[in-house]
Structure formats: C-alpha cells, structure tokens
file input-v6.tsv (TSV, C-alpha atoms and all ligand atoms)
chain	number	residue	atom	x	y	z
N	1	MET	CA	49.45	15.08	-80.70
N	2	LEU	CA	45.76	15.76	-80.72
N	3	LEU	CA	44.42	17.93	-83.47
N	4	LEU	CA	41.80	19.87	-81.65
N	5	GLU	CA	38.24	18.91	-82.34
N	6	LEU	CA	35.23	20.21	-80.50
N	7	PRO	CA	36.00	19.72	-76.81
N	8	ASP	CA	34.00	17.20	-74.85
N	9	ILE	CA	33.65	16.95	-71.12
N	10	SER	CA	36.45	14.40	-70.85
N	11	MET	CA	38.91	16.78	-72.47
N	12	LYS	CA	41.25	18.19	-69.82
N	13	ILE	CA	42.24	21.83	-70.26
N	14	ALA	CA	44.69	23.68	-68.00
N	15	VAL	CA	44.57	27.47	-67.82
N	16	ILE	CA	47.56	29.28	-66.31
N	17	GLY	CA	46.52	32.58	-64.73
N	18	ALA	CA	43.33	33.63	-62.94
N	19	GLY	CA	43.20	37.16	-64.32
N	20	ILE	CA	40.17	38.24	-66.33
N	21	ALA	CA	41.49	36.68	-69.57
N	22	GLY	CA	42.07	33.22	-68.06
N	23	ILE	CA	38.81	33.18	-66.11
N	24	THR	CA	36.78	34.41	-69.10
N	25	PHE	CA	38.25	31.61	-71.21
N	26	ALA	CA	37.65	29.00	-68.49
N	27	ARG	CA	34.07	30.16	-67.97
N	28	GLN	CA	33.34	29.95	-71.67
N	29	LEU	CA	34.52	26.33	-71.88
N	30	ALA	CA	33.50	25.07	-68.44
N	31	GLU	CA	30.39	23.28	-69.67
N	32	ASN	CA	32.10	21.59	-72.60
N	33	ALA	CA	35.39	20.46	-71.09
N	34	ASN	CA	37.12	19.63	-67.84
N	35	VAL	CA	38.88	22.91	-67.05
N	36	THR	CA	41.36	23.63	-64.24
N	37	VAL	CA	42.83	27.08	-63.59
N	38	PHE	CA	46.22	27.48	-61.90
N	39	GLU	CA	47.04	30.78	-60.21
N	40	LYS	CA	50.32	31.61	-58.50
N	41	SER	CA	48.90	34.31	-56.18
N	42	ARG	CA	46.69	34.01	-53.14
N	43	GLY	CA	43.76	35.65	-54.87
N	44	TYR	CA	41.94	36.18	-58.14
N	45	GLY	CA	42.19	39.04	-60.58
N	46	GLY	CA	45.88	39.47	-61.47
N	47	ARG	CA	46.29	43.13	-62.36
N	48	MET	CA	42.77	43.77	-61.05
N	49	SER	CA	43.68	42.55	-57.59
N	50	VAL	CA	43.20	44.11	-54.18
N	51	ARG	CA	45.59	44.52	-51.25
N	52	ARG	CA	44.10	44.50	-47.75
N	53	SER	CA	46.24	45.93	-44.95
N	54	GLY	CA	45.07	46.93	-41.50
N	55	HIS	CA	41.87	48.94	-41.91
N	56	TRP	CA	42.55	49.70	-45.51
N	57	GLN	CA	41.75	48.17	-48.82
N	58	PHE	CA	43.64	49.20	-51.93
N	59	ASP	CA	42.73	48.52	-55.55
N	60	HIS	CA	46.38	48.83	-56.45
N	61	GLY	CA	46.11	47.70	-60.10
N	62	ALA	CA	43.31	48.65	-62.51
N	63	GLN	CA	41.32	51.61	-61.20
N	64	PHE	CA	38.23	51.26	-63.38
N	65	PHE	CA	37.11	49.76	-66.65
N	66	THR	CA	35.11	50.88	-69.62
N	67	ALA	CA	32.90	48.73	-71.84
N	68	ARG	CA	32.95	49.50	-75.55
N	69	SER	CA	32.07	46.11	-77.02
N	70	GLN	CA	28.64	44.59	-76.94
N	71	GLN	CA	30.02	41.38	-75.31
N	72	PHE	CA	31.68	43.19	-72.41
N	73	ARG	CA	28.70	45.51	-71.94
N	74	GLN	CA	26.47	42.45	-71.68
N	75	LEU	CA	28.69	41.00	-68.92
N	76	ILE	CA	28.82	44.34	-67.09
N	77	GLU	CA	25.03	44.65	-67.21
N	78	GLU	CA	24.66	41.10	-65.84
N	79	LEU	CA	27.12	41.84	-63.02
N	80	ALA	CA	25.49	45.19	-62.27
N	81	ARG	CA	22.20	43.32	-61.75
N	82	GLN	CA	24.05	41.04	-59.30
N	83	ASP	CA	25.44	44.14	-57.55
N	84	ILE	CA	29.04	43.17	-58.36
N	85	VAL	CA	29.69	46.12	-60.66
N	86	ALA	CA	28.66	49.78	-60.44
N	87	GLN	CA	29.28	52.90	-62.42
N	88	TRP	CA	31.80	55.25	-60.80
N	89	HIS	CA	31.16	59.00	-60.84
N	90	PRO	CA	34.23	60.61	-59.31
N	91	LYS	CA	35.01	64.29	-59.23
N	92	ILE	CA	38.08	64.11	-61.40
N	93	THR	CA	40.68	66.76	-61.93
N	94	THR	CA	44.02	67.37	-63.62
N	95	ILE	CA	46.81	68.53	-61.35
N	96	GLN	CA	50.05	70.02	-62.51
N	97	PRO	CA	52.32	71.26	-59.73
N	98	GLY	CA	52.51	75.07	-59.90
N	99	LYS	CA	49.38	75.38	-62.08
N	100	LYS	CA	45.69	75.74	-61.32
N	101	PRO	CA	43.93	72.33	-61.32
N	102	PHE	CA	41.12	71.91	-63.84
N	103	ARG	CA	38.10	69.65	-63.81
N	104	ARG	CA	38.00	66.73	-66.26
N	105	GLU	CA	34.95	65.10	-67.75
N	106	TRP	CA	34.59	61.47	-68.73
N	107	PHE	CA	32.71	60.91	-71.96
N	108	GLU	CA	31.82	57.26	-71.44
N	109	PRO	CA	30.71	55.28	-68.37
N	110	HIS	CA	33.51	54.08	-66.09
N	111	TYR	CA	32.87	51.10	-63.83
N	112	VAL	CA	34.35	49.49	-60.75
N	113	ALA	CA	33.69	46.10	-59.19
N	114	LYS	CA	32.33	45.92	-55.64
N	115	PRO	CA	33.60	45.79	-52.93
N	116	SER	CA	37.00	45.59	-54.66
N	117	MET	CA	38.20	45.31	-58.25
N	118	ASN	CA	38.94	41.59	-58.05
N	119	ALA	CA	35.29	40.86	-57.15
N	120	LEU	CA	34.47	40.80	-60.86
N	121	VAL	CA	36.87	37.94	-61.62
N	122	LYS	CA	36.06	36.18	-58.35
N	123	PHE	CA	32.38	36.20	-59.21
N	124	MET	CA	33.00	34.90	-62.74
N	125	ALA	CA	35.06	32.06	-61.24
N	126	ILE	CA	32.42	30.81	-58.79
N	127	GLN	CA	31.69	27.55	-60.59
N	128	LEU	CA	35.26	26.93	-61.74
N	129	ASP	CA	38.03	24.69	-60.44
N	130	VAL	CA	40.72	27.25	-59.52
N	131	ARG	CA	43.91	26.25	-57.70
N	132	LEU	CA	45.26	29.35	-55.97
N	133	GLN	CA	48.86	29.66	-54.77
N	134	THR	CA	49.89	27.17	-57.43
N	135	PRO	CA	52.51	28.57	-59.78
N	136	VAL	CA	53.15	26.56	-62.92
N	137	ILE	CA	56.88	26.64	-63.61
N	138	GLU	CA	57.19	24.22	-66.51
N	139	ILE	CA	55.09	22.38	-69.04
N	140	ALA	CA	56.50	19.15	-70.50
N	141	GLN	CA	55.18	17.07	-73.34
N	142	GLN	CA	53.87	13.72	-72.17
N	143	GLY	CA	52.27	11.28	-74.58
N	144	SER	CA	49.64	13.20	-76.49
N	145	GLY	CA	49.32	15.89	-73.83
N	146	TRP	CA	51.11	18.07	-71.30
N	147	LEU	CA	52.40	17.57	-67.79
N	148	LEU	CA	52.38	20.74	-65.68
N	149	LYS	CA	55.07	21.09	-63.02
N	150	ASP	CA	55.48	23.28	-59.96
N	151	ALA	CA	58.66	24.90	-58.58
N	152	ASP	CA	59.84	21.59	-57.06
N	153	GLY	CA	59.36	19.75	-60.34
N	154	LYS	CA	56.29	18.05	-58.86
N	155	GLY	CA	53.56	17.16	-61.34
N	156	LEU	CA	50.33	19.19	-61.24
N	157	GLY	CA	48.48	16.84	-63.58
N	158	ASN	CA	48.25	15.87	-67.24
N	159	TYR	CA	46.24	17.93	-69.68
N	160	ASP	CA	45.18	17.64	-73.30
N	161	PHE	CA	45.35	21.37	-73.88
N	162	VAL	CA	47.17	24.21	-72.09
N	163	VAL	CA	46.19	27.88	-72.24
N	164	CYS	CA	48.62	30.50	-70.94
N	165	ALA	CA	46.75	33.62	-69.77
N	166	GLN	CA	49.61	35.61	-68.29
N	167	PRO	CA	51.50	38.69	-69.51
N	168	ALA	CA	53.20	37.80	-72.82
N	169	PRO	CA	56.80	37.50	-71.47
N	170	GLN	CA	55.57	35.04	-68.84
N	171	CYS	CA	53.69	33.02	-71.48
N	172	TYR	CA	56.93	32.99	-73.46
N	173	GLU	CA	58.87	31.48	-70.56
N	174	LEU	CA	56.46	28.53	-70.40
N	175	LEU	CA	55.88	28.08	-74.12
N	176	LYS	CA	59.19	28.95	-75.77
N	177	ASP	CA	60.35	25.35	-76.34
N	178	HIS	CA	57.01	24.05	-77.55
N	179	PHE	CA	54.86	26.64	-79.24
N	180	ALA	CA	54.97	27.29	-83.00
N	181	GLU	CA	54.08	30.96	-82.37
N	182	ALA	CA	56.53	31.45	-79.46
N	183	THR	CA	58.48	34.38	-80.95
N	184	ARG	CA	55.28	36.36	-81.37
N	185	LEU	CA	55.06	36.39	-77.58
N	186	LEU	CA	58.11	38.64	-77.59
N	187	GLN	CA	56.40	41.31	-79.71
N	188	PRO	CA	54.15	43.04	-77.16
N	189	ASN	CA	56.04	45.45	-74.97
N	190	TYR	CA	55.15	46.80	-71.57
N	191	SER	CA	55.68	49.75	-69.26
N	192	PRO	CA	55.98	49.12	-65.54
N	193	CYS	CA	54.16	51.05	-62.84
N	194	PHE	CA	54.64	51.61	-59.10
N	195	ALA	CA	51.58	51.69	-56.88
N	196	LEU	CA	51.91	53.62	-53.64
N	197	MET	CA	49.22	52.64	-51.14
N	198	LEU	CA	48.43	55.25	-48.50
N	199	GLY	CA	46.24	54.76	-45.43
N	200	PHE	CA	45.01	57.80	-43.50
N	201	SER	CA	43.80	58.05	-39.91
N	202	LYS	CA	40.89	60.34	-40.76
N	203	PRO	CA	38.77	61.13	-43.81
N	204	LEU	CA	40.39	63.51	-46.24
N	205	HIS	CA	38.29	66.37	-47.44
N	206	LEU	CA	39.82	67.09	-50.80
N	207	ASN	CA	38.08	68.78	-53.68
N	208	PHE	CA	38.59	65.77	-55.97
N	209	ASP	CA	38.07	62.00	-55.84
N	210	ALA	CA	40.64	61.15	-58.48
N	211	ALA	CA	43.32	63.11	-60.26
N	212	VAL	CA	45.45	62.78	-63.35
N	213	VAL	CA	48.82	64.22	-62.33
N	214	ARG	CA	51.14	65.88	-64.86
N	215	GLU	CA	54.84	66.72	-64.74
N	216	SER	CA	55.43	64.62	-61.68
N	217	PRO	CA	56.64	61.09	-60.92
N	218	LEU	CA	52.92	60.47	-60.28
N	219	GLY	CA	50.40	59.81	-63.01
N	220	TRP	CA	47.25	59.12	-61.02
N	221	LEU	CA	45.79	59.55	-57.54
N	222	GLY	CA	42.57	57.77	-56.60
N	223	LEU	CA	40.73	58.12	-53.30
N	224	SER	CA	38.57	55.27	-52.13
N	225	THR	CA	35.90	57.76	-50.96
N	226	SER	CA	33.67	57.87	-53.97
N	227	ARG	CA	34.24	54.33	-55.23
N	228	PRO	CA	30.93	52.46	-54.85
N	229	GLY	CA	30.75	49.73	-52.22
N	230	ARG	CA	33.97	50.51	-50.34
N	231	ILE	CA	33.76	50.09	-46.58
N	232	ASP	CA	36.63	52.37	-45.67
N	233	SER	CA	37.11	55.80	-47.10
N	234	ASN	CA	40.58	56.76	-45.97
N	235	ALA	CA	42.73	55.08	-48.58
N	236	ILE	CA	44.55	56.48	-51.59
N	237	VAL	CA	46.26	54.63	-54.41
N	238	ALA	CA	48.90	56.73	-56.17
N	239	HIS	CA	50.29	55.35	-59.42
N	240	SER	CA	53.58	56.49	-60.84
N	241	ASN	CA	53.56	57.60	-64.43
N	242	ASN	CA	54.81	54.84	-66.72
N	243	GLU	CA	57.83	56.73	-68.09
N	244	TRP	CA	59.08	57.54	-64.62
N	245	ALA	CA	58.57	53.91	-63.57
N	246	LYS	CA	60.65	52.75	-66.53
N	247	GLU	CA	63.51	55.05	-65.55
N	248	SER	CA	63.27	54.14	-61.86
N	249	PHE	CA	62.58	50.43	-62.24
N	250	GLU	CA	65.96	49.23	-60.97
N	251	GLN	CA	66.15	51.75	-58.12
N	252	SER	CA	65.75	50.53	-54.55
N	253	LEU	CA	62.14	50.33	-53.44
N	254	GLU	CA	62.99	52.60	-50.47
N	255	LEU	CA	64.13	55.35	-52.80
N	256	VAL	CA	61.15	54.92	-55.13
N	257	GLN	CA	58.78	55.10	-52.16
N	258	LYS	CA	60.46	58.24	-50.87
N	259	GLU	CA	60.25	59.99	-54.24
N	260	LEU	CA	56.63	59.05	-54.77
N	261	LEU	CA	55.77	60.17	-51.24
N	262	ASN	CA	57.38	63.54	-51.87
N	263	ALA	CA	55.38	63.89	-55.08
N	264	THR	CA	52.19	62.93	-53.25
N	265	GLN	CA	52.90	65.49	-50.57
N	266	GLU	CA	53.15	68.18	-53.22
N	267	VAL	CA	49.62	67.33	-54.29
N	268	LEU	CA	48.04	66.69	-50.88
N	269	GLY	CA	49.78	69.40	-48.87
N	270	LYS	CA	48.75	69.52	-45.22
N	271	HIS	CA	46.55	66.41	-45.53
N	272	VAL	CA	49.69	64.27	-45.44
N	273	ALA	CA	49.73	64.85	-41.65
N	274	LYS	CA	46.95	62.23	-41.41
N	275	LEU	CA	49.05	59.59	-43.20
N	276	VAL	CA	49.65	56.52	-41.02
N	277	HIS	CA	50.26	53.66	-43.47
N	278	VAL	CA	52.45	53.38	-46.58
N	279	GLU	CA	53.09	50.40	-48.87
N	280	LEU	CA	54.59	50.08	-52.32
N	281	HIS	CA	53.96	47.57	-55.08
N	282	ARG	CA	55.97	47.29	-58.29
N	283	TRP	CA	54.08	46.11	-61.36
N	284	ARG	CA	56.63	44.87	-63.87
N	285	TYR	CA	54.11	44.30	-66.67
N	286	ALA	CA	51.58	47.05	-66.04
N	287	ARG	CA	50.63	48.63	-69.33
N	288	VAL	CA	50.88	47.09	-72.77
N	289	GLU	CA	52.47	49.73	-75.02
N	290	GLN	CA	52.37	47.67	-78.19
N	291	ALA	CA	49.75	44.94	-78.54
N	292	LEU	CA	49.84	42.05	-80.98
N	293	GLU	CA	46.58	42.99	-82.71
N	294	LEU	CA	45.41	39.38	-82.85
N	295	GLU	CA	42.70	38.01	-80.57
N	296	PHE	CA	44.83	35.11	-79.30
N	297	LEU	CA	47.61	32.75	-80.35
N	298	ILE	CA	46.98	29.08	-80.89
N	299	ASP	CA	48.97	26.00	-81.92
N	300	ARG	CA	46.25	23.47	-82.52
N	301	GLU	CA	48.54	20.62	-83.36
N	302	LYS	CA	50.41	20.88	-80.10
N	303	GLY	CA	47.35	21.69	-77.99
N	304	LEU	CA	48.65	25.08	-76.79
N	305	ALA	CA	47.29	28.61	-76.81
N	306	ALA	CA	47.84	32.02	-75.21
N	307	CYS	CA	45.54	34.95	-74.48
N	308	GLY	CA	45.58	38.17	-72.46
N	309	ASP	CA	45.26	41.94	-72.77
N	310	TRP	CA	48.52	42.06	-74.78
N	311	CYS	CA	46.75	40.45	-77.74
N	312	LEU	CA	44.40	43.40	-78.29
N	313	GLY	CA	45.36	46.38	-76.14
N	314	ASN	CA	46.01	47.40	-72.56
N	315	ARG	CA	42.65	47.43	-70.83
N	316	VAL	CA	40.53	45.08	-68.78
N	317	GLU	CA	38.10	44.82	-71.67
N	318	ASP	CA	40.89	43.78	-74.07
N	319	ALA	CA	41.86	40.92	-71.76
N	320	PHE	CA	38.21	39.85	-71.51
N	321	LEU	CA	37.75	39.91	-75.30
N	322	SER	CA	40.91	37.89	-75.87
N	323	GLY	CA	39.89	35.16	-73.39
N	324	LEU	CA	36.36	35.11	-74.82
N	325	ALA	CA	37.53	34.82	-78.43
N	326	LEU	CA	39.83	31.92	-77.59
N	327	GLY	CA	37.04	30.17	-75.67
N	328	LYS	CA	34.67	30.57	-78.62
N	329	GLN	CA	37.32	29.29	-81.00
N	330	LEU	CA	37.79	26.10	-78.99
N	331	GLU	CA	34.07	25.67	-78.50
N	332	GLY	CA	33.81	25.41	-82.27
A	1	LIG	C1	48.77	49.73	-62.21
A	1	LIG	C2	47.77	49.30	-63.26
A	1	LIG	C3	46.69	50.13	-63.56
A	1	LIG	C4	45.77	49.74	-64.53
A	1	LIG	N1	44.69	50.53	-64.76
A	1	LIG	C5	43.74	50.11	-65.61
A	1	LIG	C6	42.51	50.82	-65.72
A	1	LIG	O1	42.28	51.80	-65.01
A	1	LIG	N2	41.58	50.37	-66.63
A	1	LIG	C7	41.80	49.25	-67.39
A	1	LIG	O2	40.91	48.86	-68.18
A	1	LIG	N3	42.93	48.54	-67.26
A	1	LIG	C8	43.89	48.94	-66.38
A	1	LIG	N4	45.03	48.20	-66.22
A	1	LIG	C9	45.25	47.03	-67.09
A	1	LIG	C10	44.40	45.83	-66.66
A	1	LIG	O3	44.56	45.61	-65.28
A	1	LIG	C11	44.88	44.62	-67.48
A	1	LIG	O4	44.75	44.91	-68.85
A	1	LIG	C12	44.08	43.33	-67.20
A	1	LIG	O5	43.77	43.18	-65.84
A	1	LIG	C13	44.91	42.15	-67.72
A	1	LIG	O6	44.25	40.93	-67.47
A	1	LIG	P1	44.91	39.55	-67.90
A	1	LIG	O7	43.99	38.49	-67.47
A	1	LIG	O8	45.30	39.64	-69.34
A	1	LIG	O9	46.31	39.47	-67.11
A	1	LIG	P2	46.61	39.48	-65.56
A	1	LIG	O10	45.58	40.25	-64.82
A	1	LIG	O11	48.03	39.91	-65.42
A	1	LIG	O12	46.47	37.95	-65.11
A	1	LIG	C14	47.52	37.02	-65.26
A	1	LIG	C15	47.50	36.08	-64.07
A	1	LIG	O13	48.46	35.03	-64.29
A	1	LIG	C16	49.05	34.71	-63.04
A	1	LIG	N5	50.31	34.01	-63.33
A	1	LIG	C17	51.41	34.52	-63.94
A	1	LIG	N6	52.35	33.56	-64.06
A	1	LIG	C18	51.82	32.43	-63.52
A	1	LIG	C19	52.32	31.09	-63.36
A	1	LIG	N7	53.55	30.76	-63.77
A	1	LIG	N8	51.53	30.17	-62.76
A	1	LIG	C20	50.27	30.52	-62.33
A	1	LIG	N9	49.77	31.77	-62.45
A	1	LIG	C21	50.53	32.71	-63.05
A	1	LIG	C22	49.22	36.08	-62.38
A	1	LIG	O14	49.40	35.97	-60.98
A	1	LIG	C23	47.90	36.75	-62.76
A	1	LIG	O15	46.90	36.53	-61.80
A	1	LIG	C24	45.95	48.53	-65.23
A	1	LIG	C25	47.03	47.68	-64.89
A	1	LIG	C26	47.91	48.06	-63.91
A	1	LIG	C27	49.03	47.12	-63.50
call {"tool": "encode", "arguments": {"input": "input-v6.tsv", "output": "structure tokens", "more": "lines below"}}
Ligand SMILES: Cc1cc2nc3c(=O)[nH]c(=O)nc-3n(C[C@H](O)[C@H](O)[C@H](O)COP(=O)(O)OP(=O)(O)OC[C@H]3O[C@@H](n4cnc5c(N)ncnc54)[C@H](O)[C@@H]3O)c2cc1C
result
Amino acid sequence: MLLLELPDISMKIAVIGAGIAGITFARQLAENANVTVFEKSRGYGGRMSVRRSGHWQFDHGAQFFTARSQQFRQLIEELARQDIVAQWHPKITTIQPGKKPFRREWFEPHYVAKPSMNALVKFMAIQLDVRLQTPVIEIAQQGSGWLLKDADGKGLGNYDFVVCAQPAPQCYELLKDHFAEATRLLQPNYSPCFALMLGFSKPLHLNFDAAVVRESPLGWLGLSTSRPGRIDSNAIVAHSNNEWAKESFEQSLELVQKELLNATQEVLGKHVAKLVHVELHRWRYARVEQALELEFLIDREKGLAACGDWCLGNRVEDAFLSGLALGKQLEG
C-alpha cells in the first residue's frame, strides 16, 4: 500500500461527501492531485442544503455561521467580495410560551450564504469534479488502492487515497473493515433535529425575524424575510429542540409534524391562518454533542482519512477547519 508522499497530479483521490468539509479538502488539493468528489444527494452542501418547494425556499439545515478563525474569516471575506456571503442582522428574540418575549443581542457577526445556504459550498466547488446523486456504498481494497462501489456493486473507479467527509457514523460504515482508527469514529455522538418548513400565502408581519424558543418542542424559528438575498419572504423554518427530537425520533413523521405545528401555532397565533404549505425533514445527525477534538483522522499506510465537523465541534466553521487541516496535511 502506498505510504503517502506529497501528492502529484497523477495521484487519484476520492472524497465522499460534498458538504463543506469534503469540498474544502478537495479545493485545497485540487491543484496538486486528481480529485473526485462523490455526493449521494442531488445538491451540494449536506447539512447546509436548501429545499425548494413551490414558491418557497427553505434553508432547512444550518441557519447561519460565525467565523472565529483567521482561515475561515479569510474565506468569508473573499466570498463576501463575490457577493456569495453577507452578514445577517435579524431582529432576534427569545420566546417562552406564557412569558414576555425578550430581545437578544448577538455579540459576533453572523453570516448567511446568498441566495441560499448551500451557495457557499456550491461556489467553492466550481472548479471541482463533483459527481452528484452518486452514493458510495462500499470501498474495497484493490492492488495498492481502493475501488469505490455504488448500491448495485458497480465500480465507481479506482483511487489511491479515499477521504470520507460524512457524519462520523457514516464514515464508520465505509471504513470499519479497513481503517486503523475505525473505532474512533464511534466516539462522536449526535443529537437529531426535525426541520418544519412552512410556506405562507402572504408576508407575515411579526415583531421578530428569528426566535430562540424555550420550553417547547421547538428550539428555533427563522423567517426568510430578513435573510440577505432571498427572493421570497414568506417562508419559515422551525427547528425542533434537540432533546425533544431525540425523544420523538422513532415517532411517525405525521405525529411529529402535528406536534411541531401545534407548537408553532402557539408562537405565531393568528398568523397561522396564512399557512398554505408544510413539509418536514428529519436530520438524524444534526448536532455533534461530543466531538473528537482532533482535526482529522488519517491512516497513511492504507491511504484513508476522515474529516468533518465531528472532529472539532458542531458548527460550519469546524467542518471547514477539519477539511482544510486534512488538505494541508496531504499537501505536505
Ligand atoms: C438542523 C441543523 C441546524 C444547524 N444549524 C447550524 C448553524 O446555525 N450554524 C452552524 O455553524 N452550524 C449549524 N449546523 C451544523 C452544520 O450544518 C454542520 O456542522 C456542517 O454543515 C457539517 O458539514 P460537513 O461537511 O462536516 O458534513 P455534511 O454537511 O453532513 O456533509 C456530508 C455529506 O456527505 C454526503 N454523504 C453521506 N454519505 C454518503 C455516501 N455514502 N456517498 C456519498 N455521499 C455521502 C451527505 O449527503 C452530505 O452532503 C446545523 C445542522 C443542522 C442539521
């Protein structure tokens, strides 16, 4: 098996997952190696993706991101110049049923991508070879490299090096029989989250743009109104709180939707009369509760590695930093 030296352009690297970690890694190495990204979904961004339905557009995963490291700030500044990212200044409040809402302040800049959250990853991937709607179901050792296989056992190509950039339990499924560090992939644990997507027939005139909700199945309500670059303004994404999602995870989606709708009605009151569209998404691996506290995992001898938010934390920036650190490591 190859012992990784500095990559050269003939070196074939497969990345599994077109979320921000996988795309950041691929972008870092694109000039020094032959990199292909495989993504099971129809679009880019993973947990930063967007759902478009009828007239509405829902950022149903990450709502915003912050930039605390110099590396991520540098990327955000570059993308702000390209008009892909903008600072978000919502009127934000805390709502607790039965109590008076109170205004919250943010003490650091919060950003969104334009016109939808996945635009950030999509823009970063412009020059990359990304195969959408291509789930990788198995990796098998072949000669000195790896053969990737799809759901029918069909080969997706041979690669010298494979990087898994999915949530840790999904990396484990692909790497468990091959990777020296496989059991470490079982360490990070996650909370799920339900995202209720609500489309309204008319603009809502509420006295907040986003709300942290307490003592409710809900944890967050975000209106599209004040998010920069959105075309439509009549959409709301309501996230369940993580604890409630854990308890309700095995319940029928119909019941979950009903309970979240009731909770939303408590917050929105009469405005619910304008509701004309409802959808629910269940995020199994939404929030990393316990991260690994390592930038990435790598098995140089085998030519395998893994990265993602779960290495460092539970935010967009953590996923970016993990992908970047792995890319720099392989660059030498
Ligand atoms: C509801 C919710 C709200 C959030 N809110 C915020 C927030 O406000 N701010 C913040 O900073 N962070 C937030 N986060 C967290 C943030 O979205 C993540 O930390 C970050 O997007 C993770 O990026 P990633 O690249 O590590 O993983 P992912 O985005 O999960 O990317 C992994 C990719 O791998 C693909 N994949 C998986 N298996 C396969 C396979 N077998 N073959 C091919 N492709 C595969 C997936 O489809 C996915 O695209 C939120 C997350 C959720 C779910």
call {"tool": "residues_around", "arguments": {"input": "input-v6.tsv", "residues": "Gln141 of chain N", "least_positions_apart": "5", "cutoff": "12 Å", "atoms": "only C-alpha atoms", "output": "VMD selection string"}}
result
chain N and resid 1 146 to 149 157 to 162 174 to 175 177 to 179 302 to 304
call {"tool": "write_last_selection", "arguments": {"input": "input-v6.tsv", "atoms": "C-alpha atoms", "output": "compact mmCIF listing (two decimals), in the coordinates of the input"}}
result
# COMPACT_ATOMS: atom_id res chain seq x y z
CA MET N 1 49.45 15.08 -80.70
CA TRP N 146 51.11 18.07 -71.30
CA LEU N 147 52.40 17.57 -67.79
CA LEU N 148 52.38 20.74 -65.68
CA LYS N 149 55.07 21.09 -63.02
CA GLY N 157 48.48 16.84 -63.58
CA ASN N 158 48.25 15.87 -67.24
CA TYR N 159 46.24 17.93 -69.68
CA ASP N 160 45.18 17.64 -73.30
CA PHE N 161 45.35 21.37 -73.88
CA VAL N 162 47.17 24.21 -72.09
CA LEU N 174 56.46 28.53 -70.40
CA LEU N 175 55.88 28.08 -74.12
CA ASP N 177 60.35 25.35 -76.34
CA HIS N 178 57.01 24.05 -77.55
CA PHE N 179 54.86 26.64 -79.24
CA LYS N 302 50.41 20.88 -80.10
CA GLY N 303 47.35 21.69 -77.99
CA LEU N 304 48.65 25.08 -76.79
call {"tool": "residues_around", "arguments": {"input": "input-v6.tsv", "residues": "Cys311 of chain N", "least_positions_apart": "6", "cutoff": "9 Å", "atoms": "only C-alpha atoms", "output": "list in words"}}
result
Ala168, Pro188, Ala291, Leu292, Glu293, Leu294, Glu295, Phe296, Leu297, Asp318, Ala319 and Ser322 of chain N
call {"tool": "residues_near_ligand", "arguments": {"input": "input-v6.tsv", "ligand": "ligand LIG 1 (chain A)", "cutoff": "7 Å", "atoms": "only C-alpha atoms and all ligand atoms", "output": "PyMOL selection string"}}
result
chain N and resi 16-22+38-41+44-48+60-66+134-137+165-167+170+193-195+239+283+285-287+307-310+314-319
call {"tool": "atom_distance", "arguments": {"input": "input-v6.tsv", "atom1": "atom CA of Ala113 of chain N", "atom2": "atom CA of Ile23 of chain N"}}
result
15.5 Å
call {"tool": "residues_around", "arguments": {"input": "input-v6.tsv", "residues": "segment 30-35 of chain N", "least_positions_apart": "6", "cutoff": "12 Å", "atoms": "all atoms listed in the file", "output": "PyMOL selection string"}}
result
chain N and resi 5-16+22-24+124-131+157-163+327-328+330-332
call {"tool": "residues_around", "arguments": {"input": "input-v6.tsv", "residues": "segment 262-274 of chain N", "least_positions_apart": "3", "cutoff": "9 Å", "atoms": "all atoms listed in the file", "output": "ChimeraX atom specification"}}
result
/N:95-97,199-206,213,216-218,221,238,257-259
call {"tool": "closest_residue", "arguments": {"input": "input-v6.tsv", "among": "N:Val37, N:Ile139, N:Ile84, N:Ala67", "to": "Pro228 of chain N", "atoms": "only C-alpha atoms"}}
result
N:Ile84
call {"tool": "residues_around", "arguments": {"input": "input-v6.tsv", "residues": "Ser191 of chain N", "least_positions_apart": "4", "cutoff": "8 Å", "atoms": "all atoms listed in the file", "output": "list in words"}}
result
Asn242, Glu243, Ala245, Lys246, Arg284, Tyr285, Ala286, Arg287, Val288 and Glu289 of chain N
call {"tool": "closest_residue", "arguments": {"input": "input-v6.tsv", "among": "N:Ile298, N:Ala210, N:Ala305, N:Leu75", "to": "Trp88 of chain N", "atoms": "only C-alpha atoms"}}
result
N:Ala210
call {"tool": "decode", "arguments": {"input": "input-v6.tsv", "residues": "segment 130-143 of chain N", "atoms": "N, CA and C atoms", "output": "compact mmCIF listing (two decimals), in the first residue's frame"}}
result
# COMPACT_ATOMS: atom_id res chain seq x y z
N VAL N 130 -17.29 17.01 -9.30
CA VAL N 130 -18.21 16.51 -8.27
C VAL N 130 -19.28 15.66 -8.96
N ARG N 131 -19.44 14.44 -8.50
CA ARG N 131 -20.48 13.55 -9.05
C ARG N 131 -21.65 13.52 -8.08
N LEU N 132 -22.71 14.26 -8.44
CA LEU N 132 -23.90 14.30 -7.58
C LEU N 132 -24.72 13.03 -7.78
N GLN N 133 -25.62 12.80 -6.87
CA GLN N 133 -26.51 11.61 -6.91
C GLN N 133 -25.73 10.31 -7.10
N THR N 134 -24.57 10.26 -6.45
CA THR N 134 -23.71 9.07 -6.56
C THR N 134 -23.29 8.59 -5.17
N PRO N 135 -24.16 7.84 -4.51
CA PRO N 135 -23.77 7.33 -3.19
C PRO N 135 -22.67 6.29 -3.30
N VAL N 136 -21.72 6.35 -2.40
CA VAL N 136 -20.68 5.32 -2.33
C VAL N 136 -21.11 4.37 -1.22
N ILE N 137 -21.27 3.11 -1.54
CA ILE N 137 -21.82 2.16 -0.57
C ILE N 137 -20.71 1.28 0.01
N GLU N 138 -19.63 1.10 -0.75
CA GLU N 138 -18.57 0.24 -0.25
C GLU N 138 -17.23 0.70 -0.81
N ILE N 139 -16.18 0.52 -0.03
CA ILE N 139 -14.84 0.68 -0.59
C ILE N 139 -14.11 -0.65 -0.41
N ALA N 140 -13.43 -1.09 -1.45
CA ALA N 140 -12.75 -2.40 -1.39
C ALA N 140 -11.31 -2.22 -1.84
N GLN N 141 -10.43 -2.88 -1.10
CA GLN N 141 -9.01 -2.78 -1.44
C GLN N 141 -8.76 -3.43 -2.79
N GLN N 142 -8.01 -2.73 -3.64
CA GLN N 142 -7.68 -3.33 -4.93
C GLN N 142 -6.24 -2.92 -5.29
N GLY N 143 -5.37 -3.91 -5.34
CA GLY N 143 -3.96 -3.61 -5.59
C GLY N 143 -3.47 -2.66 -4.52
